[in-house]
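S.K.: Okay, here's the structure, questions in a sec.
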Amino acid sequence: MAIDRNKVKKEADKFLAAGKVDRAIEELRKLLEDNPKDLVTMNTIGDLYLQIRRIPEAVEVFRRLAIAHEREGFALKAVAILQKTMRSAPDDIDIAQRLADLYRQTNKIKEAVQVHLQVAEHFQKKGLIKRALEEFAKLVDLDPKNLKNKVRLADLYNKEGMKDRAAAIYLEVAESLAMEQMHTEAQQIMERAKAMVSTPQVFLTQSRLGVIQGDYATAAQHLRAGLETNPRNTDLLEALAEIELRSGHPDRALEALAEIPQLPEKALPLCEKSLRNLATADRAEEGLRLFTPIARELARRGSGELVARSLRGALQGSISAEAWLLLAEIAHQSGNKAEREQALQSAYALAKTQGDLPLAGRLAEQLQALGVAARQEPLPSDGLASVPGFGGTPLTAPASIEITRHGGETEMDPVRRLRIEQISREAEALLRSGSSDRAVETYKKALELDPADLTLIEAIVAVHRSTGHLTKIQMQYVQSAQALAALGRKQEAAHLLDKAEQIFPGSTRIHRRTLGLQEPGAAPPPPRRARARIHRPARLHDGARGAHRPGSSGLRGAGTSCPCSRDGAARAAGPWPGPRARPPPGGSGRLQLDGIHPDGASGSGRARTSRPRQPVPHPGTTDGAPARPAAGTHTGTRIPGAFRAHE
């Protein structure tokens, strides 16, 4: 039944004027029952409960009011209500947790940290360790740079017997302290972790502390100690290989990599750098022997093209017969007969040149089995430069690019890379706390240290995708593509622009032209060739428009030009040989057809030839007058398709 709201409100005001707060609340509750969405009245009721010190009732009203504001999208109003409630009921943990969550949503990180810390300490005093752990975990995620809170969280995990989680946090703290040049404190925290567990991560962190101090010998020693208890651990062996390489022992690096079961493709840059260093030191044969089992294993698993590219890149054109044989084996594993044949031909030529007749005989037999004859002419050092899988540019753009975090990591300062990993962990913690904007900002700080880190780019994109910001995704791809193109990594830049194109078709054309990249979906441009030159015709044969006209600009409409020589001697009469025929030599004229130049540039829409400086009489005339074409000659038939000028 509807009530007279004005009358009820006047009654409440009378009770308030008389100091009868309880009676006033009763009247106001009638208004709230009539309209539960009357938030102003609800707030007034809560304030009146506080006035008469009925705290539980006030807290309950304010809780409902805060929830209502939050549902309406007024988070700041909800924060103000809960702040007022916390001042009156500081021990109400539910209110505190809800306030902390709202602080986080409104990006008031400092206030959220203080509330979470207050709640965590409350639970710790009450002996509710598990609930204290939950609050400390939220606290650490909100403020990942606060090492003191991280240590407190690790101590709590240790107290609860969760030693693995405690040790993991101690190791993070130790590495962070070392990055801040607090080596003594880092070692103290490191000892806490060592007393708990003996996992590979402990030895990896000890090694990193050595790397941060520039002590590679100690770093390698820790890794070897870890391998004694964790043999053939991939992370330990890969870290050892990099340290050995930086210490000037590329042979040891390859030996360590060869021990890794199921060597990941991301380790190939490390293999390539080790082999290149050995080749530079005139130890290519030794390096090839160490690299061969790695190459065979990766080729067997379908990574033959990457392995072949790394092998050629490492040897830098100085490829021995043994290297050609390995390339042939890799091509065979990949099922590429043409590549295998070319590699065997090169190995055969080198064997003959070096006088190794037994090897040459075996290679000749293999070539014969492939149905080809052995050639002694050596293949140029770049003879396979255009063959996919042999280090050259692929004939077609790859459908996808394998994205790894530390491709070519041996070229990066290890301390800088450790810093990138540390910042990435901070960003991941912020994501767990729900602070998406801060996570993106943190990822971008890491990206400033390595703009070519494709995994960081994808991490930023993933955050934008989760929040539905497609424009920000497209902008990130474009900005990163520009940075990669500036570093000379145009293939990766084109890959990122392809992804941006999928979001907003047609949005990257200007950027591609500016960066010198292909249009989306276009095939790679053909190799640049010398411009074809054709003769300068004085006149045109009788075509679609009739007789010759002096000074004609070339092909008009459906007409075609006559293939005459420079001195006017007639070529063989007969039909125009077609679009693929070789034009006759001579002359300095230049042919341009619709959309196509001989050098690949776009045309102006009309085919034309340059005008001759002086008219040349046509054969069969005495004064340059037009003559009828002989029987069987062309009569202006339109040339189908694009004209292709050959040398």
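By order of appearance in the structure tokens: chains A, B, ..., then residues from 1 within every chain, and ligands from 1 in the order shown.
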Determine, counting only C-alpha atoms, which protein, DNA and RNA residues have an atom within 12 Å of an atom of A:Arg375; residues of the same chain fewer than 2 positions away are not included. Present the result as a list of chain:residue names.
M.R.: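 Result of the neighbour search: A:Glu341, A:Gln342, A:Ala343, A:Leu344, A:Gln345, A:Ser346, A:Ala347, A:Tyr348, A:Ala349, A:Leu350, A:Ala351, A:Lys352, A:Thr353, A:Ala360, A:Leu363, A:Ala364, A:Leu367, A:Gln368, A:Val372, A:Ala373, A:Glu377, A:Pro378, A:Leu379.
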S.K.: If we count only C-alpha atoms, what is near A:Ala500 at a cut-off of 8 Å, once residues fewer than 3 positions away on the same chain are taken out, given as a ChimeraX atom specification?
M.R.: /A:473-475,477-478,496-497,503-505,507-508
S.K.: Emit the selected residues as a short mmCIF file (atom, residue, chain, number, x, y, z; two decimals), in the first residue's frame, including N, CA and C atoms.
M.R.:
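In the end it all went to again02.cif:
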```cif
data_model
loop_
_atom_site.label_atom_id
_atom_site.label_comp_id
_atom_site.auth_asym_id
_atom_site.auth_seq_id
_atom_site.Cartn_x
_atom_site.Cartn_y
_atom_site.Cartn_z
N ILE A 473 45.25 -2.65 -28.61
CA ILE A 473 45.99 -3.79 -29.16
C ILE A 473 46.62 -3.40 -30.49
N GLN A 474 45.80 -2.78 -31.36
CA GLN A 474 46.31 -2.38 -32.67
C GLN A 474 47.45 -1.37 -32.53
N MET A 475 47.31 -0.42 -31.61
CA MET A 475 48.36 0.59 -31.41
C MET A 475 49.65 -0.06 -30.90
N TYR A 477 50.69 -3.16 -31.42
CA TYR A 477 51.33 -3.88 -32.52
C TYR A 477 52.06 -2.91 -33.45
N VAL A 478 51.43 -1.79 -33.77
CA VAL A 478 52.04 -0.83 -34.68
C VAL A 478 53.30 -0.22 -34.06
N LEU A 496 53.92 -8.50 -36.83
CA LEU A 496 53.07 -7.75 -35.90
C LEU A 496 52.04 -6.91 -36.65
N LEU A 497 52.44 -6.33 -37.77
CA LEU A 497 51.48 -5.55 -38.55
C LEU A 497 50.39 -6.44 -39.14
N ILE A 503 42.85 -7.15 -36.86
CA ILE A 503 41.91 -6.45 -35.97
C ILE A 503 41.15 -5.37 -36.72
N PHE A 504 41.89 -4.53 -37.45
CA PHE A 504 41.28 -3.46 -38.25
C PHE A 504 41.84 -3.53 -39.67
N PRO A 505 41.16 -4.24 -40.57
CA PRO A 505 41.67 -4.38 -41.94
C PRO A 505 41.90 -3.02 -42.60
N SER A 507 44.26 -0.91 -41.87
CA SER A 507 44.77 0.12 -40.96
C SER A 507 46.29 0.23 -40.96
N THR A 508 46.98 -0.68 -41.65
CA THR A 508 48.44 -0.69 -41.55
C THR A 508 49.13 -0.33 -42.85
#
```
S.K.: Interatomic distance between atom CA of A:Arg283 and atom CA of A:Ser310?
M.R.: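 Computing it gives 17.0 Å between the two atoms.
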S.K.: Would you please give, as a ChimeraX atom specification, all residues of stretch 122-158 of chain A that DSSP assigns to alpha helix (DSSP H) based on the backbone?
M.R.: /A:122-126,129-142,147-158
S.K.: May I have the residues within 9 Å of stretch 64-80 of chain A as an MDAnalysis selection string, using only C-alpha atoms and disregarding those fewer than 3 positions away in the same chain?
M.R.: chainID A and resid 37 39 42:43 46 59:61 83:85 99 102:103 105:106
S.K.: Go ahead and write the selection's residues with all heavy atoms as a tab-separated table (two decimals), in the first residue's frame.
M.R.:
```tsv
chain	number	residue	atom	x	y	z
A	37	LYS	N	15.36	1.70	-3.13
A	37	LYS	CA	16.44	2.36	-3.87
A	37	LYS	C	16.66	3.80	-3.42
A	37	LYS	O	17.47	4.52	-4.03
A	37	LYS	CB	16.14	2.33	-5.36
A	37	LYS	CG	16.13	0.92	-5.94
A	37	LYS	CD	15.91	0.96	-7.44
A	37	LYS	CE	15.92	-0.45	-8.04
A	37	LYS	NZ	15.72	-0.42	-9.51
A	39	LEU	N	18.62	5.78	-1.71
A	39	LEU	CA	19.92	5.68	-1.06
A	39	LEU	C	20.19	6.86	-0.13
A	39	LEU	O	20.94	6.72	0.84
A	39	LEU	CB	21.02	5.59	-2.13
A	39	LEU	CG	20.88	4.42	-3.13
A	39	LEU	CD1	22.09	4.37	-4.04
A	39	LEU	CD2	20.70	3.11	-2.39
A	42	MET	N	18.65	5.90	3.07
A	42	MET	CA	19.45	4.83	3.68
A	42	MET	C	20.69	5.40	4.36
A	42	MET	O	21.05	5.00	5.48
A	42	MET	CB	19.87	3.81	2.61
A	42	MET	CG	20.52	2.55	3.17
A	42	MET	SD	21.06	1.42	1.87
A	42	MET	CE	19.51	1.00	1.10
A	43	ASN	N	21.33	6.36	3.73
A	43	ASN	CA	22.51	6.98	4.33
A	43	ASN	C	22.14	7.74	5.61
A	43	ASN	O	22.87	7.71	6.61
A	43	ASN	CB	23.16	7.93	3.33
A	43	ASN	CG	24.46	8.53	3.84
A	43	ASN	OD1	25.36	7.80	4.26
A	43	ASN	ND2	24.54	9.86	3.84
A	46	GLY	N	21.71	5.31	8.44
A	46	GLY	CA	23.01	4.87	8.96
A	46	GLY	C	23.66	5.90	9.86
A	46	GLY	O	24.21	5.56	10.92
A	59	VAL	N	26.55	-0.38	10.75
A	59	VAL	CA	27.45	-1.11	9.84
A	59	VAL	C	26.63	-1.86	8.78
A	59	VAL	O	26.97	-1.86	7.59
A	59	VAL	CB	28.35	-2.07	10.63
A	59	VAL	CG1	29.07	-3.02	9.69
A	59	VAL	CG2	29.35	-1.29	11.48
A	60	GLU	N	25.57	-2.49	9.22
A	60	GLU	CA	24.75	-3.25	8.27
A	60	GLU	C	24.12	-2.34	7.23
A	60	GLU	O	24.09	-2.67	6.02
A	60	GLU	CB	23.66	-4.01	9.03
A	60	GLU	CG	22.75	-4.85	8.15
A	60	GLU	CD	23.53	-5.89	7.35
A	60	GLU	OE1	24.57	-6.36	7.82
A	60	GLU	OE2	23.08	-6.20	6.21
A	61	VAL	N	23.62	-1.17	7.66
A	61	VAL	CA	23.01	-0.23	6.71
A	61	VAL	C	24.06	0.28	5.73
A	61	VAL	O	23.83	0.34	4.51
A	61	VAL	CB	22.34	0.94	7.46
A	61	VAL	CG1	21.92	2.03	6.47
A	61	VAL	CG2	21.14	0.46	8.25
A	83	GLN	N	34.71	3.95	4.22
A	83	GLN	CA	35.67	4.67	5.05
A	83	GLN	C	35.00	5.17	6.33
A	83	GLN	O	35.57	5.07	7.43
A	83	GLN	CB	36.27	5.85	4.27
A	83	GLN	CG	37.29	5.45	3.22
A	83	GLN	CD	37.73	6.65	2.39
A	83	GLN	OE1	36.99	7.63	2.24
A	83	GLN	NE2	38.94	6.56	1.84
A	84	LYS	N	33.81	5.70	6.18
A	84	LYS	CA	33.06	6.17	7.35
A	84	LYS	C	32.74	5.01	8.29
A	84	LYS	O	32.83	5.14	9.52
A	84	LYS	CB	31.76	6.84	6.87
A	84	LYS	CG	30.88	7.35	7.98
A	84	LYS	CD	29.79	8.27	7.43
A	84	LYS	CE	28.92	7.61	6.40
A	84	LYS	NZ	27.82	8.50	5.96
A	85	THR	N	32.44	3.86	7.70
A	85	THR	CA	32.13	2.69	8.51
A	85	THR	C	33.36	2.19	9.26
A	85	THR	O	33.28	1.81	10.44
A	85	THR	CB	31.57	1.57	7.62
A	85	THR	OG1	30.53	2.09	6.80
A	85	THR	CG2	31.04	0.42	8.45
A	99	LEU	N	36.53	-2.77	1.55
A	99	LEU	CA	37.15	-1.47	1.30
A	99	LEU	C	38.47	-1.64	0.54
A	99	LEU	O	38.77	-0.88	-0.40
A	99	LEU	CB	37.38	-0.74	2.62
A	99	LEU	CG	38.07	0.63	2.52
A	99	LEU	CD1	37.26	1.58	1.65
A	99	LEU	CD2	38.27	1.24	3.91
A	102	LEU	N	37.76	-2.28	-3.07
A	102	LEU	CA	37.36	-1.06	-3.77
A	102	LEU	C	38.54	-0.12	-3.98
A	102	LEU	O	38.63	0.55	-5.02
A	102	LEU	CB	36.25	-0.36	-2.98
A	102	LEU	CG	34.85	-0.97	-3.11
A	102	LEU	CD1	33.89	-0.29	-2.16
A	102	LEU	CD2	34.35	-0.84	-4.54
A	103	TYR	N	39.43	-0.04	-3.02
A	103	TYR	CA	40.64	0.76	-3.21
A	103	TYR	C	41.42	0.26	-4.44
A	103	TYR	O	41.94	1.05	-5.24
A	103	TYR	CB	41.54	0.66	-1.97
A	103	TYR	CG	41.19	1.64	-0.86
A	103	TYR	CD1	41.29	1.26	0.48
A	103	TYR	CD2	40.79	2.94	-1.16
A	103	TYR	CE1	41.00	2.14	1.50
A	103	TYR	CE2	40.49	3.83	-0.13
A	103	TYR	CZ	40.60	3.43	1.19
A	103	TYR	OH	40.30	4.32	2.20
A	105	GLN	N	40.21	-1.39	-7.01
A	105	GLN	CA	39.47	-1.10	-8.23
A	105	GLN	C	39.61	0.36	-8.64
A	105	GLN	O	39.61	0.68	-9.84
A	105	GLN	CB	38.00	-1.45	-8.04
A	105	GLN	CG	37.72	-2.94	-7.88
A	105	GLN	CD	36.25	-3.21	-7.59
A	105	GLN	OE1	35.38	-2.41	-7.94
A	105	GLN	NE2	35.97	-4.34	-6.94
A	106	THR	N	39.71	1.25	-7.68
A	106	THR	CA	39.83	2.68	-7.98
A	106	THR	C	41.28	3.14	-8.05
A	106	THR	O	41.56	4.33	-8.08
A	106	THR	CB	39.08	3.50	-6.91
A	106	THR	OG1	39.58	3.14	-5.60
A	106	THR	CG2	37.60	3.23	-6.98
```
S.K.: List as a count of residues only the protein and nucleic acid residues near stretch 170-179 of chain A, meaning an atom at most 6 Å away when only C-alpha atoms are counted, but skip any in the same chain fewer than 6 places from it.
M.R.: 4
S.K.: For A:Gln97, please output as a PyMOL selection string all residues within 10 Å (counting only C-alpha atoms; exclusion window: fewer than 3 positions along the same chain).
M.R.: chain A and resi 92-94+100-103+112+115-116+118-119+135
S.K.: Between A:Val8, A:Leu204, A:Ser247, A:Ala120, which one has atoms that come closest to A:Asn233, using only C-alpha atoms?
M.R.: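 Checking each of A:Val8, A:Leu204, A:Ser247, A:Ala120 against A:Asn233, counting only C-alpha atoms, the winner is A:Leu204.
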S.K.: Quick one: everything within 9 Å of stretch 286-295 of chain A, counting only C-alpha atoms, minus sequence neighbours fewer than 5 positions away in the same chain. Send it as a ChimeraX atom specification.
M.R.: /A:250-251,254-255,257-258,263,271-272,274-279,300,303-304,307-308,311,322-323,326,330
S.K.: Take the selection from the previous step and output its residues with C-alpha atoms, as a compact mmCIF listing (two decimals), in the first residue's frame.
M.R.:
```txt
# COMPACT_ATOMS: atom_id res chain seq x y z
CA PRO A 250 82.15 -22.21 -26.83
CA ASP A 251 83.12 -25.89 -27.03
CA LEU A 254 77.95 -26.94 -27.14
CA GLU A 255 78.78 -29.92 -24.93
CA LEU A 257 73.60 -28.07 -24.93
CA ALA A 258 74.12 -31.55 -26.38
CA LEU A 263 66.58 -29.35 -26.77
CA CYS A 271 74.13 -23.07 -30.52
CA GLU A 272 74.72 -20.78 -33.49
CA SER A 274 78.92 -21.10 -30.01
CA LEU A 275 79.57 -22.63 -33.43
CA ARG A 276 80.37 -19.21 -34.92
CA ASN A 277 82.91 -18.51 -32.18
CA LEU A 278 84.61 -21.85 -32.82
CA ALA A 279 84.68 -21.20 -36.58
CA ARG A 300 64.32 -35.29 -36.68
CA SER A 303 63.02 -28.12 -37.19
CA GLY A 304 65.33 -28.78 -40.13
CA VAL A 307 68.81 -25.75 -38.00
CA ALA A 308 70.08 -25.29 -41.56
CA LEU A 311 74.38 -23.70 -39.41
CA GLU A 322 81.42 -32.11 -43.93
CA ALA A 323 79.10 -29.15 -43.34
CA LEU A 326 75.23 -32.28 -42.67
CA ILE A 330 69.09 -32.13 -42.62
```
S.K.: Nearest to A:Glu185: which of A:Leu209, A:Arg416, A:Gly214, A:Val140 is it, counting only C-alpha atoms?
M.R.: A:Leu209
S.K.: Counting only C-alpha atoms, what is within 10 Å of A:Thr234, bar same-chain residues fewer than 5 positions away, as a PyMOL selection string?
M.R.: chain A and resi 200+227+239-240+256-257+259-264
S.K.: Have a look at A:Ala338, A:Arg208, A:Leu315, A:Leu32 and name the one nearest to A:Arg417; count only C-alpha atoms.
M.R.: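 Looking at the shortest contact to A:Arg417, the residue is A:Arg208.
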S.K.: How many Å separate atom CA of A:Gln124 from atom CA of A:Ala137?
M.R.: 13.4 Å
S.K.: Could you tell me which of A:Arg432, A:Arg192, A:Arg87, A:Lys7 comes closest to A:Leu139 if we count only C-alpha atoms?
M.R.: A:Arg432
S.K.: What is the atom CA of A:Lys110-atom CA of A:His469 distance in Å, reported with one decimal?
M.R.: 26.5 Å
